[in-house]
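Visitor: Contents of query_33.cif (mmCIF, C-alpha atoms):
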data_run
#
loop_
_atom_site.label_atom_id
_atom_site.label_comp_id
_atom_site.auth_asym_id
_atom_site.auth_seq_id
_atom_site.Cartn_x
_atom_site.Cartn_y
_atom_site.Cartn_z
CA MET Y 1 78.82 158.28 80.57
CA SER Y 2 79.64 155.24 82.72
CA LYS Y 3 76.94 152.99 84.17
CA GLY Y 4 77.86 154.13 87.68
CA LEU Y 5 77.71 157.82 86.78
CA LYS Y 6 74.37 157.29 85.06
CA THR Y 7 73.03 155.65 88.21
CA VAL Y 8 74.13 158.65 90.31
CA LEU Y 9 72.51 161.06 87.83
CA VAL Y 10 69.24 159.13 87.89
CA LEU Y 11 69.20 159.14 91.70
CA VAL Y 12 69.79 162.90 91.78
CA LEU Y 13 67.01 163.54 89.26
CA ALA Y 14 64.67 161.22 91.13
CA GLY Y 15 64.45 163.74 93.95
CA PHE Y 16 63.12 166.32 91.50
CA PHE Y 17 60.92 164.14 89.36
CA ALA Y 18 59.09 162.70 92.41
CA THR Y 19 57.44 159.39 91.45
CA THR Y 20 58.03 159.85 87.73
CA ALA Y 21 58.04 156.06 87.33
CA LEU Y 22 54.30 156.04 87.97
CA ALA Y 23 53.62 158.14 84.91
CA THR Y 24 50.24 157.59 83.26
CA GLN Y 25 46.98 159.36 82.43
CA THR Y 26 45.29 157.49 85.27
CA ARG Y 27 47.81 158.91 87.74
CA VAL Y 28 47.00 162.43 86.52
CA ASN Y 29 43.25 161.83 86.86
CA THR Y 30 43.65 160.69 90.46
CA MET Y 31 45.88 163.66 91.35
CA GLY Y 32 43.44 166.44 90.43
CA GLY Y 33 43.16 165.98 86.68
CA MET Y 34 45.71 168.52 85.40
CA ASP Y 35 49.14 167.20 84.40
CA ILE Y 36 50.64 170.69 84.15
CA TRP Y 37 51.35 170.49 87.91
CA LEU Y 38 53.00 167.04 87.78
CA ARG Y 39 56.18 165.64 86.29
CA ASP Y 40 54.67 162.83 84.26
CA ASP Y 41 55.15 161.15 80.89
CA VAL Y 42 51.75 162.57 79.92
CA ASN Y 43 53.63 165.92 79.69
CA LEU Y 44 55.36 164.54 76.59
CA ASP Y 45 52.24 165.37 74.60
CA TRP Y 46 53.03 169.08 74.80
CA ASN Y 47 56.81 168.99 75.45
CA PRO Y 48 58.83 166.19 73.77
CA ALA Y 49 62.03 167.69 75.22
CA LEU Y 50 61.22 165.70 78.39
CA LEU Y 51 61.82 162.39 76.56
CA PRO Y 52 65.35 161.83 77.99
CA TRP Y 53 63.76 161.31 81.43
CA TYR Y 54 61.34 158.64 80.15
CA ALA Y 55 63.53 156.42 77.98
CA GLU Y 56 63.09 152.65 77.72
CA GLN Y 57 59.47 152.55 78.77
CA VAL Y 58 56.19 151.25 77.36
CA THR Y 59 52.94 152.88 78.49
CA VAL Y 60 49.52 151.40 77.77
CA GLU Y 61 46.44 153.52 78.38
CA TYR Y 62 43.74 150.89 78.63
CA GLY Y 63 41.02 153.52 78.91
CA THR Y 64 37.77 153.52 80.81
CA TRP Y 65 35.90 150.54 82.22
CA ASN Y 66 33.94 149.93 78.98
CA ALA Y 67 37.24 149.75 77.05
CA ASN Y 68 36.33 152.53 74.62
CA PRO Y 69 38.98 152.24 71.83
CA ASN Y 70 39.09 156.03 71.50
CA LEU Y 71 40.49 156.22 75.04
CA GLN Y 72 43.13 153.54 74.49
CA SER Y 73 46.70 154.10 73.33
CA ILE Y 74 50.20 152.67 73.52
CA ALA Y 75 53.51 154.54 73.68
CA VAL Y 76 57.03 153.15 73.24
CA ARG Y 77 60.17 155.15 74.09
CA LEU Y 78 63.62 153.87 73.07
CA THR Y 79 67.23 155.05 73.02
CA ASN Y 80 70.37 153.68 71.38
CA ASN Y 81 72.65 153.40 74.45
CA ASP Y 82 73.06 154.42 78.08
CA GLU Y 83 74.48 157.80 77.07
CA GLN Y 84 71.48 158.49 74.79
CA SER Y 85 73.97 159.69 72.17
CA MET Y 86 71.26 159.76 69.49
CA GLY Y 87 68.60 161.00 71.87
CA VAL Y 88 65.35 159.26 72.78
CA PHE Y 89 62.72 158.29 70.22
CA GLY Y 90 59.04 157.82 70.95
CA LEU Y 91 56.07 156.38 69.06
CA VAL Y 92 52.46 156.79 70.18
CA LEU Y 93 49.62 154.90 68.50
CA ASN Y 94 46.10 156.29 68.92
CA PRO Y 95 47.09 159.26 71.13
CA HIS Y 96 44.68 160.79 73.62
CA PRO Y 97 41.42 161.79 71.87
CA GLU Y 98 41.86 165.45 72.84
CA ASN Y 99 44.58 165.53 70.17
CA LYS Y 100 42.56 163.88 67.42
CA PHE Y 101 40.58 166.96 66.49
CA ILE Y 102 42.25 169.66 68.52
CA LEU Y 103 39.84 172.39 67.50
CA SER Y 104 36.88 170.75 69.21
CA VAL Y 105 34.95 172.39 72.06
CA PRO Y 106 35.66 172.94 74.87
CA ASN Y 107 39.26 172.18 75.49
CA PRO Y 108 41.67 172.86 72.60
CA GLY Y 109 45.25 172.22 73.55
CA ALA Y 110 44.65 170.35 76.81
CA PRO Y 111 46.31 170.12 79.31
CA LEU Y 112 47.00 173.84 79.06
CA MET Y 113 43.35 174.70 79.69
CA PRO Y 114 41.11 173.75 82.62
CA PRO Y 115 39.36 170.38 82.27
CA GLY Y 116 35.60 169.95 82.15
CA ASP Y 117 32.88 170.07 79.52
CA VAL Y 118 31.01 173.14 78.39
CA PRO Y 119 27.30 172.65 79.18
CA ASN Y 120 25.08 171.96 76.18
CA THR Y 121 23.64 175.27 74.94
CA GLY Y 122 23.08 174.44 71.30
CA PHE Y 123 26.26 176.30 70.41
CA PRO Y 124 27.36 175.30 66.89
CA SER Y 125 30.24 172.90 66.47
CA ASN Y 126 32.79 172.83 63.68
CA SER Y 127 33.51 169.12 64.03
CA PRO Y 128 33.12 167.16 60.78
CA ASN Y 129 31.17 163.93 60.58
CA ILE Y 130 34.28 161.78 61.07
CA GLU Y 131 37.49 161.93 63.09
CA PRO Y 132 41.06 161.07 61.97
CA GLU Y 133 41.09 157.51 63.31
CA GLN Y 134 44.40 156.52 61.66
CA PHE Y 135 46.34 158.58 64.16
CA TRP Y 136 49.93 158.38 65.38
CA LYS Y 137 52.72 160.53 66.82
CA LEU Y 138 56.51 160.42 66.49
CA MET Y 139 58.76 162.16 69.02
CA TRP Y 140 62.44 162.80 69.56
CA GLY Y 141 64.23 164.43 72.48
CA LYS Y 142 67.88 164.88 73.47
CA ARG Y 143 69.90 166.46 76.25
CA LEU Y 144 72.48 169.00 75.02
CA GLY Y 145 74.87 169.38 77.92
CA ASP Y 146 73.85 169.72 81.55
CA GLN Y 147 71.35 172.57 81.24
CA LEU Y 148 69.43 172.13 77.97
CA SER Y 149 67.15 169.53 76.43
CA ILE Y 150 65.32 169.90 73.11
CA GLY Y 151 62.57 167.88 71.46
CA LEU Y 152 60.32 167.66 68.43
CA GLY Y 153 57.04 165.86 67.81
CA LEU Y 154 55.09 165.06 64.65
CA ASN Y 155 51.39 164.17 64.75
CA MET Y 156 49.54 162.84 61.74
CA GLY Y 157 46.04 161.49 61.34
CA GLY Y 158 43.34 161.01 58.78
CA ASN Y 159 40.25 159.14 57.78
CA SER Y 160 38.16 158.67 54.67
CA VAL Y 161 34.72 157.13 54.28
CA THR Y 162 33.51 156.34 50.76
CA SER Y 163 30.07 155.04 49.89
CA ASP Y 164 28.01 154.39 46.75
CA SER Y 165 24.27 154.82 46.65
CA SER Y 166 21.95 152.60 44.63
CA GLY Y 167 22.32 155.02 41.72
CA ASN Y 168 26.13 154.73 41.87
CA ARG Y 169 26.42 158.21 43.29
CA LYS Y 170 29.80 158.19 45.03
CA SER Y 171 30.13 160.05 48.33
CA GLU Y 172 33.43 160.70 50.11
CA ASP Y 173 33.81 162.15 53.61
CA LYS Y 174 37.44 162.74 54.56
CA ILE Y 175 39.62 164.51 57.12
CA SER Y 176 43.36 164.90 57.68
CA MET Y 177 45.54 166.56 60.30
CA VAL Y 178 49.26 167.23 60.72
CA ALA Y 179 50.91 168.92 63.71
CA PHE Y 180 54.44 169.90 64.70
CA ASN Y 181 55.36 170.05 68.37
CA PRO Y 182 58.71 171.59 69.47
CA GLY Y 183 59.82 171.78 73.09
CA VAL Y 184 62.70 172.80 75.33
CA VAL Y 185 63.76 172.18 78.95
CA LEU Y 186 66.18 174.50 80.78
CA GLU Y 187 67.93 173.66 84.06
CA LEU Y 188 69.26 176.72 85.88
CA GLY Y 189 70.67 177.72 89.24
CA GLU Y 190 72.54 174.51 90.03
CA GLU Y 191 69.45 172.37 89.37
CA SER Y 192 67.21 174.51 91.61
CA ILE Y 193 65.14 175.93 88.71
CA TYR Y 194 63.65 173.94 85.83
CA ILE Y 195 61.74 175.54 82.94
CA ASP Y 196 59.58 173.61 80.44
CA ILE Y 197 58.27 175.29 77.29
CA GLY Y 198 56.28 173.54 74.57
CA GLY Y 199 54.41 174.60 71.45
CA ARG Y 200 52.30 173.08 68.71
CA PHE Y 201 51.25 174.15 65.24
CA SER Y 202 48.66 172.09 63.40
CA LYS Y 203 46.79 172.15 60.12
CA THR Y 204 43.45 170.40 59.65
CA SER Y 205 41.43 169.86 56.47
CA PHE Y 206 38.14 168.10 55.76
CA SER Y 207 35.47 167.85 53.08
CA LEU Y 208 32.29 166.02 52.10
CA VAL Y 209 31.76 165.42 48.37
CA SER Y 210 28.81 163.56 46.88
CA GLY Y 211 28.83 163.12 43.12
CA ASP Y 212 29.59 166.51 41.62
CA THR Y 213 28.39 168.36 44.72
CA THR Y 214 30.73 169.55 47.48
CA PHE Y 215 28.57 169.85 50.58
CA TYR Y 216 31.35 171.42 52.59
CA GLU Y 217 35.10 171.94 52.32
CA ASN Y 218 37.35 173.78 54.73
CA THR Y 219 39.16 176.89 53.52
CA GLY Y 220 41.34 177.32 56.61
CA GLY Y 221 42.23 175.27 59.65
CA THR Y 222 45.18 176.25 61.83
CA HIS Y 223 45.82 175.87 65.52
CA ILE Y 224 48.70 177.29 67.59
CA THR Y 225 49.47 176.35 71.19
CA LEU Y 226 52.17 177.71 73.48
CA GLY Y 227 52.59 176.75 77.10
CA GLY Y 228 55.13 176.36 79.82
CA ARG Y 229 55.92 176.10 83.49
CA ALA Y 230 58.83 176.63 85.87
CA TRP Y 231 59.86 174.60 88.92
CA PHE Y 232 61.43 176.68 91.71
CA GLU Y 233 62.97 174.66 94.52
CA LEU Y 234 61.81 176.07 97.87
CA SER Y 235 63.62 173.49 99.99
CA ASP Y 236 64.63 169.86 99.83
CA TYR Y 237 60.95 168.95 100.07
CA GLY Y 238 59.03 171.45 97.97
CA TYR Y 239 58.60 173.24 94.64
CA LEU Y 240 56.67 176.30 93.52
CA VAL Y 241 55.26 175.81 90.00
CA PRO Y 242 53.91 178.78 88.00
CA ALA Y 243 52.38 177.80 84.64
CA PHE Y 244 50.80 179.44 81.62
CA GLY Y 245 49.10 178.46 78.37
CA PHE Y 246 47.80 180.14 75.22
CA ASN Y 247 45.77 178.70 72.32
CA SER Y 248 44.54 180.21 69.08
CA SER Y 249 42.65 178.47 66.29
CA ASP Y 250 40.99 179.60 63.07
CA MET Y 251 38.77 177.21 61.13
CA SER Y 252 36.65 178.14 58.12
CA TRP Y 253 34.75 176.11 55.56
CA GLU Y 254 32.46 176.65 52.60
CA ASN Y 255 29.04 175.09 52.19
CA SER Y 256 27.73 174.81 48.65
CA LEU Y 257 24.11 174.73 49.81
CA ALA Y 258 22.85 178.32 49.57
CA PRO Y 259 22.34 180.64 51.30
CA VAL Y 260 25.24 179.65 53.57
CA VAL Y 261 28.49 180.47 51.78
CA GLU Y 262 31.27 180.40 54.36
CA THR Y 263 31.45 179.65 58.05
CA VAL Y 264 34.26 180.92 60.27
CA ASP Y 265 35.07 179.51 63.70
CA LYS Y 266 37.73 181.37 65.73
CA ARG Y 267 38.82 180.29 69.19
CA SER Y 268 41.34 181.54 71.72
CA SER Y 269 42.13 180.58 75.28
CA LEU Y 270 44.36 181.69 78.13
CA PHE Y 271 45.52 179.88 81.21
CA ALA Y 272 47.67 180.96 84.18
CA GLY Y 273 48.16 179.33 87.54
CA LEU Y 274 50.39 178.65 90.50
CA GLY Y 275 51.01 175.25 92.06
CA LEU Y 276 52.78 174.11 95.21
CA GLN Y 277 54.20 170.58 95.44
CA VAL Y 278 55.44 169.43 98.85
CA MET Y 279 57.06 166.13 99.83
CA PRO Y 280 56.63 165.93 103.64
CA THR Y 281 58.17 162.45 103.58
CA GLU Y 282 60.05 160.40 100.99
CA GLU Y 283 56.89 158.38 100.39
CA THR Y 284 54.33 161.21 100.11
CA THR Y 285 53.65 164.04 97.65
CA VAL Y 286 51.04 166.75 98.30
CA LEU Y 287 49.87 169.06 95.50
CA VAL Y 288 47.84 172.30 95.78
CA ALA Y 289 47.23 174.61 92.81
CA ALA Y 290 45.05 177.56 91.81
CA TYR Y 291 44.48 178.85 88.29
CA TYR Y 292 42.58 181.22 86.00
CA GLY Y 293 41.28 180.04 82.64
CA SER Y 294 39.28 181.64 79.83
CA LEU Y 295 38.00 180.43 76.47
CA LYS Y 296 36.44 182.56 73.72
CA ASN Y 297 34.74 181.08 70.66
CA GLU Y 298 33.34 183.25 67.85
CA PHE Y 299 31.24 181.50 65.23
CA THR Y 300 30.13 183.41 62.10
CA THR Y 301 28.02 182.11 59.20
CA GLY Y 302 27.16 183.38 55.74
CA LEU Y 303 23.78 184.49 57.12
CA ASP Y 304 25.55 187.34 58.94
CA THR Y 305 24.89 185.51 62.18
CA THR Y 306 27.54 185.55 64.89
CA ALA Y 307 27.51 183.44 68.05
CA THR Y 308 30.08 184.21 70.72
CA LEU Y 309 30.85 181.93 73.65
CA THR Y 310 33.03 182.96 76.57
CA ASN Y 311 33.88 180.56 79.37
CA THR Y 312 35.81 181.75 82.43
CA THR Y 313 37.07 179.90 85.48
CA ALA Y 314 38.33 182.16 88.26
CA PRO Y 315 39.62 180.68 90.36
CA GLY Y 316 39.96 176.95 89.82
CA TRP Y 317 41.50 174.67 92.43
CA VAL Y 318 43.41 171.38 92.22
CA VAL Y 319 44.44 169.19 95.16
CA GLY Y 320 46.19 165.83 95.10
CA VAL Y 321 47.92 163.45 97.52
CA GLU Y 322 50.09 160.47 96.59
CA SER Y 323 51.75 158.10 99.07
CA ASP Y 324 53.57 154.79 98.92
CA LEU Y 325 51.62 152.61 101.36
CA THR Y 326 53.89 149.58 100.92
CA SER Y 327 56.67 148.55 98.54
CA TRP Y 328 54.03 147.24 96.12
CA LEU Y 329 51.08 149.60 96.69
CA THR Y 330 50.63 153.37 96.20
CA GLY Y 331 47.48 155.27 97.15
CA ARG Y 332 46.21 158.48 95.55
CA VAL Y 333 43.33 160.90 95.98
CA GLY Y 334 42.73 164.06 93.97
CA ALA Y 335 40.04 166.71 93.57
CA SER Y 336 39.32 169.77 91.45
CA LYS Y 337 36.94 172.67 91.99
CA HIS Y 338 36.25 174.93 89.01
CA SER Y 339 34.47 177.81 90.70
CA PRO Y 340 32.91 180.03 89.77
CA ARG Y 341 32.86 179.00 86.12
CA THR Y 342 30.81 181.48 84.06
CA MET Y 343 29.72 180.80 80.50
CA ASN Y 344 28.09 183.43 78.28
CA VAL Y 345 26.61 182.70 74.83
CA GLU Y 346 25.47 185.63 72.70
CA PHE Y 347 23.77 185.37 69.30
CA ILE Y 348 23.73 188.33 66.88
CA GLY Y 349 21.73 188.18 63.64
CA PRO Y 350 18.29 186.88 62.69
CA TYR Y 351 18.19 184.93 65.96
CA LYS Y 352 19.30 187.28 68.72
CA GLY Y 353 19.67 186.26 72.32
CA GLU Y 354 21.99 185.69 75.22
CA VAL Y 355 22.47 182.79 77.60
CA LYS Y 356 24.54 183.18 80.76
CA THR Y 357 25.18 180.38 83.23
CA THR Y 358 27.40 179.99 86.26
CA ASN Y 359 28.29 176.68 87.81
CA ALA Y 360 30.93 175.29 90.14
CA PRO Y 361 31.66 171.66 89.24
CA PHE Y 362 33.55 169.54 91.74
CA ASP Y 363 35.35 166.30 90.88
CA VAL Y 364 37.10 163.83 93.15
CA ALA Y 365 38.94 160.60 92.28
CA VAL Y 366 40.63 157.86 94.30
CA GLY Y 367 43.20 155.47 92.89
CA VAL Y 368 45.79 152.86 93.71
CA ALA Y 369 48.94 151.72 91.90
CA LEU Y 370 50.27 148.17 92.02
CA HIS Y 371 54.02 147.56 91.61
CA PHE Y 372 55.46 144.18 90.61
CA LEU Y 373 58.67 143.30 88.75
CA ASP Y 374 59.14 146.11 86.19
CA PHE Y 375 55.41 146.79 85.84
CA ARG Y 376 53.22 149.48 87.40
CA VAL Y 377 49.46 149.29 87.10
CA ASP Y 378 47.66 152.55 87.88
CA THR Y 379 43.93 152.40 88.57
CA GLU Y 380 41.11 154.81 89.33
CA LEU Y 381 38.54 153.25 91.64
CA HIS Y 382 34.86 153.29 90.73
CA PRO Y 383 32.88 155.37 93.28
CA ASP Y 384 30.17 152.70 93.59
CA PHE Y 385 32.80 150.06 94.31
CA LEU Y 386 34.05 152.13 97.24
CA PHE Y 387 30.53 152.22 98.70
CA PHE Y 388 29.24 148.74 97.91
CA GLY Y 389 32.36 146.64 97.47
CA PRO Y 390 32.22 143.38 95.48
CA ASP Y 391 28.92 141.65 94.83
CA PHE Y 392 29.31 139.08 97.64
CA ILE Y 393 29.56 141.95 100.16
CA GLY Y 394 27.25 144.69 98.91
CA GLY Y 395 24.92 142.61 96.74
CA GLN Y 396 25.57 144.87 93.76
CA SER Y 397 27.71 144.01 90.76
CA THR Y 398 30.05 146.95 90.14
CA GLN Y 399 33.31 147.09 88.23
CA PRO Y 400 36.14 148.02 90.62
CA PHE Y 401 37.88 150.50 88.28
CA VAL Y 402 36.86 153.25 85.89
CA GLN Y 403 40.29 153.66 84.30
CA ILE Y 404 43.49 151.60 84.07
CA SER Y 405 46.98 152.42 82.79
CA ILE Y 406 50.01 150.11 82.62
CA LEU Y 407 53.68 151.11 82.62
CA TYR Y 408 56.58 148.77 81.80
CA ASP Y 409 60.07 150.11 82.55
CA PHE Y 410 62.89 148.09 80.97
CA SER Y 411 65.70 150.56 81.69
CA GLY Y 412 67.05 148.35 84.45
CA MET Y 413 67.31 151.32 86.84
#
Just give me the structure of the file as structure tokens.
Guide:
Amino acid sequence: MSKGLKTVLVLVLAGFFATTALATQTRVNTMGGMDIWLRDDVNLDWNPALLPWYAEQVTVEYGTWNANPNLQSIAVRLTNNDEQSMGVFGLVLNPHPENKFILSVPNPGAPLMPPGDVPNTGFPSNSPNIEPEQFWKLMWGKRLGDQLSIGLGLNMGGNSVTSDSSGNRKSEDKISMVAFNPGVVLELGEESIYIDIGGRFSKTSFSLVSGDTTFYENTGGTHITLGGRAWFELSDYGYLVPAFGFNSSDMSWENSLAPVVETVDKRSSLFAGLGLQVMPTEETTVLVAAYYGSLKNEFTTGLDTTATLTNTTAPGWVVGVESDLTSWLTGRVGASKHSPRTMNVEFIGPYKGEVKTTNAPFDVAVGVALHFLDFRVDTELHPDFLFFGPDFIGGQSTQPFVQISILYDFSGM
């Protein structure tokens, strides 16, 4: 493909991918918090077949204002030539923490489930004492003709903590995880319909051994995710975006300390929604989406005790607006309303009972993006900073941002 033809292709795709260049986790957070409704490089986590549209970029997720290392990551995406004859390769170091232990409550397989934390009810958790800190992801994606793109991702992580007591009693706490992530993109109807489908299969293992005693060791740990969306062009300025997601996980482990013998933790979730993305002007994108989400978690112990958690959001709402204010500044505001969200926890066994709660959390975020040279810096503004301003104005010292992401595009386009 010639340089001129590539330029034409990129310009044509730009109309569909609407502000793809500003692709970061911070952008998603300030556009309603769910990337399933946006074309964004964050989508690569669940569909590596999108890599050909994000070649020759470096993305740095700097995390929250206190620079928590668990919220920081870096991604590099490279190709061998303009024609991407070998496809596009990606490497992510320290991916988003939702992927570190993907069986953790409440949101396995995000972004295909509604965001938000399950309120604390004392529901048991299957998380081990440590997380797989040495975590990385490799990806590859390639366009096969004009209508098909395929991709594959490999996640691996692990950690091991070894200690010796004063009596030289060795203790080892370890965890490992491997995941495979295939994806496909279909372009139909003369580029008026786009379909993204991604899946993930993972296997997790962990154990805690002290001396000759195994305190716990998992006997099963699988997780399957399948999700997708379609983009239907309504006009030159709008798309209708139906989306779905399904998750299923099964974790079990044995505890050598009687009377508990084996614990089983099964989880499943469903998600379905419909989004509308409208571009009233070349500089502005408006997003409105509604969805249904459900999560079921069944926890059984060797004491013949079963705890079942169900969490339902029907409906949930997402709204976002993004507009280029100047050539170097973009403004964003997004909000989500998960209402009514009903959670039911039922205990069967020696300790019987039921807890049912309904809440309707509302989240709103405001952000700005700065453009200079080949860099884009996406920020989410701190709510207090919006009210009080800098210290010399409001008399209160407040950090201006709660999250920052940086994108460097060296494609030359």
Visitor: What would the selection look like, as a PyMOL selection string, if the PyMOL selection byres ((chain Y and resi 134-150) around 7) were run on the coordinates I just shared?
Guide: chain Y and resi 48-52+87-95+132-133+151-159+183-188
Visitor: Applied to the shown file, which residues does the PyMOL selection byres ((chain Y and resi 315-324) around 8) return, written as a JSON list (two decimals) with C-alpha atoms, in the frame of the given file?
Guide:
[["chain", "number", "residue", "atom", "x", "y", "z"],
["Y", 30, "THR", "CA", 43.65, 160.69, 90.46],
["Y", 31, "MET", "CA", 45.88, 163.66, 91.35],
["Y", 32, "GLY", "CA", 43.44, 166.44, 90.43],
["Y", 33, "GLY", "CA", 43.16, 165.98, 86.68],
["Y", 34, "MET", "CA", 45.71, 168.52, 85.40],
["Y", 114, "PRO", "CA", 41.11, 173.75, 82.62],
["Y", 283, "GLU", "CA", 56.89, 158.38, 100.39],
["Y", 284, "THR", "CA", 54.33, 161.21, 100.11],
["Y", 285, "THR", "CA", 53.65, 164.04, 97.65],
["Y", 286, "VAL", "CA", 51.04, 166.75, 98.30],
["Y", 287, "LEU", "CA", 49.87, 169.06, 95.50],
["Y", 288, "VAL", "CA", 47.84, 172.30, 95.78],
["Y", 289, "ALA", "CA", 47.23, 174.61, 92.81],
["Y", 290, "ALA", "CA", 45.05, 177.56, 91.81],
["Y", 291, "TYR", "CA", 44.48, 178.85, 88.29],
["Y", 292, "TYR", "CA", 42.58, 181.22, 86.00],
["Y", 293, "GLY", "CA", 41.28, 180.04, 82.64],
["Y", 313, "THR", "CA", 37.07, 179.90, 85.48],
["Y", 314, "ALA", "CA", 38.33, 182.16, 88.26],
["Y", 325, "LEU", "CA", 51.62, 152.61, 101.36],
["Y", 326, "THR", "CA", 53.89, 149.58, 100.92],
["Y", 327, "SER", "CA", 56.67, 148.55, 98.54],
["Y", 329, "LEU", "CA", 51.08, 149.60, 96.69],
["Y", 330, "THR", "CA", 50.63, 153.37, 96.20],
["Y", 331, "GLY", "CA", 47.48, 155.27, 97.15],
["Y", 332, "ARG", "CA", 46.21, 158.48, 95.55],
["Y", 333, "VAL", "CA", 43.33, 160.90, 95.98],
["Y", 334, "GLY", "CA", 42.73, 164.06, 93.97],
["Y", 335, "ALA", "CA", 40.04, 166.71, 93.57],
["Y", 336, "SER", "CA", 39.32, 169.77, 91.45],
["Y", 337, "LYS", "CA", 36.94, 172.67, 91.99],
["Y", 338, "HIS", "CA", 36.25, 174.93, 89.01],
["Y", 339, "SER", "CA", 34.47, 177.81, 90.70],
["Y", 340, "PRO", "CA", 32.91, 180.03, 89.77]]
Visitor: Apply the PyMOL selection byres ((chain Y and resi 250) around 8) to the structure shown and report the selected residues as a VMD selection string.
Guide: chain Y and resid 220 to 223 248 to 249 251 to 252 264 to 267
Visitor: Using all atoms listed in the file for the distances, tell me which of Y:Asp384, Y:Glu172, Y:Asp378, Y:Asp196 is nearest to Thr213 in chain Y.
Guide: Y:Glu172
Visitor: Which residues are near Glu233 in chain Y? Cut-off 10 Å, all atoms listed in the file, ignore same chain within fewer than 3 positions. Put them as a PDB file with C-alpha atoms, in the coordinates of the input.
Guide:
ATOM      1  CA  PHE Y  16      63.120 166.320  91.500  1.00  0.00           C
ATOM      2  CA  GLY Y 189      70.670 177.720  89.240  1.00  0.00           C
ATOM      3  CA  GLU Y 191      69.450 172.370  89.370  1.00  0.00           C
ATOM      4  CA  SER Y 192      67.210 174.510  91.610  1.00  0.00           C
ATOM      5  CA  ILE Y 193      65.140 175.930  88.710  1.00  0.00           C
ATOM      6  CA  TYR Y 194      63.650 173.940  85.830  1.00  0.00           C
ATOM      7  CA  ALA Y 230      58.830 176.630  85.870  1.00  0.00           C
ATOM      8  CA  ASP Y 236      64.630 169.860  99.830  1.00  0.00           C
ATOM      9  CA  TYR Y 237      60.950 168.950 100.070  1.00  0.00           C
ATOM     10  CA  GLY Y 238      59.030 171.450  97.970  1.00  0.00           C
ATOM     11  CA  TYR Y 239      58.600 173.240  94.640  1.00  0.00           C
ATOM     12  CA  LEU Y 240      56.670 176.300  93.520  1.00  0.00           C
ATOM     13  CA  VAL Y 241      55.260 175.810  90.000  1.00  0.00           C
ATOM     14  CA  GLN Y 277      54.200 170.580  95.440  1.00  0.00           C
TER      15      GLN Y 277
END
Visitor: Counting only C-alpha atoms, figure out which residue out of Y:Asn47, Y:Thr358, Y:Ser85, Y:Thr281 gets nearest to Gly199 in chain Y.
Guide: Y:Asn47
Visitor: Could you tell me how far CA of Phe246 in chain Y lies from CA of Arg200 in chain Y, in Å and to one decimal?
Guide: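 These atoms are spaced 10.6 Å apart.
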Visitor: Just how far from CA of Leu234 in chain Y is CA of Ile195 in chain Y, in Å to one decimal?
Guide: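 We find that CA of Ile195 in chain Y and CA of Leu234 in chain Y lie 14.9 Å from each other.
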Visitor: In terms of the shortest atom-to-atom distance over all atoms listed in the file, which of Y:Gln403, Y:Gln84, Y:Asn247, Y:Thr24 is closest to Thr64 in chain Y?
Guide: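 Under the stated criterion, the closest residue is Y:Gln403.
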Visitor: Pick from Y:Asn43, Y:Ser268, Y:Thr312, Y:Asn181: nearest to Glu298 in chain Y, with only C-alpha atoms counted?
Guide: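 Result for the nearest residue to Glu298 in chain Y: Y:Ser268.
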Visitor: Could you pull out every residue with an atom within 6 Å of (51.5, 179.2, 80.1), file coordinates, counting all atoms listed in the file, and send them as a CSV table (one decimal) with C-alpha atoms, in the frame of the given file?
Guide:
chain,number,residue,atom,x,y,z
Y,227,GLY,CA,52.6,176.8,77.1
Y,228,GLY,CA,55.1,176.4,79.8
Y,243,ALA,CA,52.4,177.8,84.6
Y,244,PHE,CA,50.8,179.4,81.6
Y,245,GLY,CA,49.1,178.5,78.4
Y,272,ALA,CA,47.7,181.0,84.2
Visitor: How many Å separate CA of Tyr408 in chain Y from CA of Gln72 in chain Y?
Guide: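 It comes out at 16.0 Å.
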Visitor: At a cut-off of 10 Å, using all atoms listed in the file, what residues contact Val377 in chain Y? Leave out same-chain residues fewer than 5 positions from it and give the result as a PDB file with C-alpha atoms, in the coordinates of the input.
Guide:
ATOM      1  CA  LEU Y  22      54.300 156.040  87.970  1.00  0.00           C
ATOM      2  CA  THR Y  24      50.240 157.590  83.260  1.00  0.00           C
ATOM      3  CA  THR Y  26      45.290 157.490  85.270  1.00  0.00           C
ATOM      4  CA  ARG Y  27      47.810 158.910  87.740  1.00  0.00           C
ATOM      5  CA  THR Y  59      52.940 152.880  78.490  1.00  0.00           C
ATOM      6  CA  VAL Y  60      49.520 151.400  77.770  1.00  0.00           C
ATOM      7  CA  LEU Y 329      51.080 149.600  96.690  1.00  0.00           C
ATOM      8  CA  VAL Y 368      45.790 152.860  93.710  1.00  0.00           C
ATOM      9  CA  ALA Y 369      48.940 151.720  91.900  1.00  0.00           C
ATOM     10  CA  LEU Y 370      50.270 148.170  92.020  1.00  0.00           C
ATOM     11  CA  HIS Y 371      54.020 147.560  91.610  1.00  0.00           C
ATOM     12  CA  PHE Y 372      55.460 144.180  90.610  1.00  0.00           C
ATOM     13  CA  ILE Y 404      43.490 151.600  84.070  1.00  0.00           C
ATOM     14  CA  SER Y 405      46.980 152.420  82.790  1.00  0.00           C
ATOM     15  CA  ILE Y 406      50.010 150.110  82.620  1.00  0.00           C
ATOM     16  CA  LEU Y 407      53.680 151.110  82.620  1.00  0.00           C
ATOM     17  CA  TYR Y 408      56.580 148.770  81.800  1.00  0.00           C
TER      18      TYR Y 408
END
Visitor: Name the residues within 7 Å of (40.3, 172.3, 53.8), counting all atoms listed in the file in the file's coordinates, and put them as a list in words.
Guide: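 Those residues lying close to the given coordinates are Thr204, Ser205, Phe206, Ser207, Glu217, Asn218, Thr219, Gly220, Gly221 and Trp253 of chain Y.
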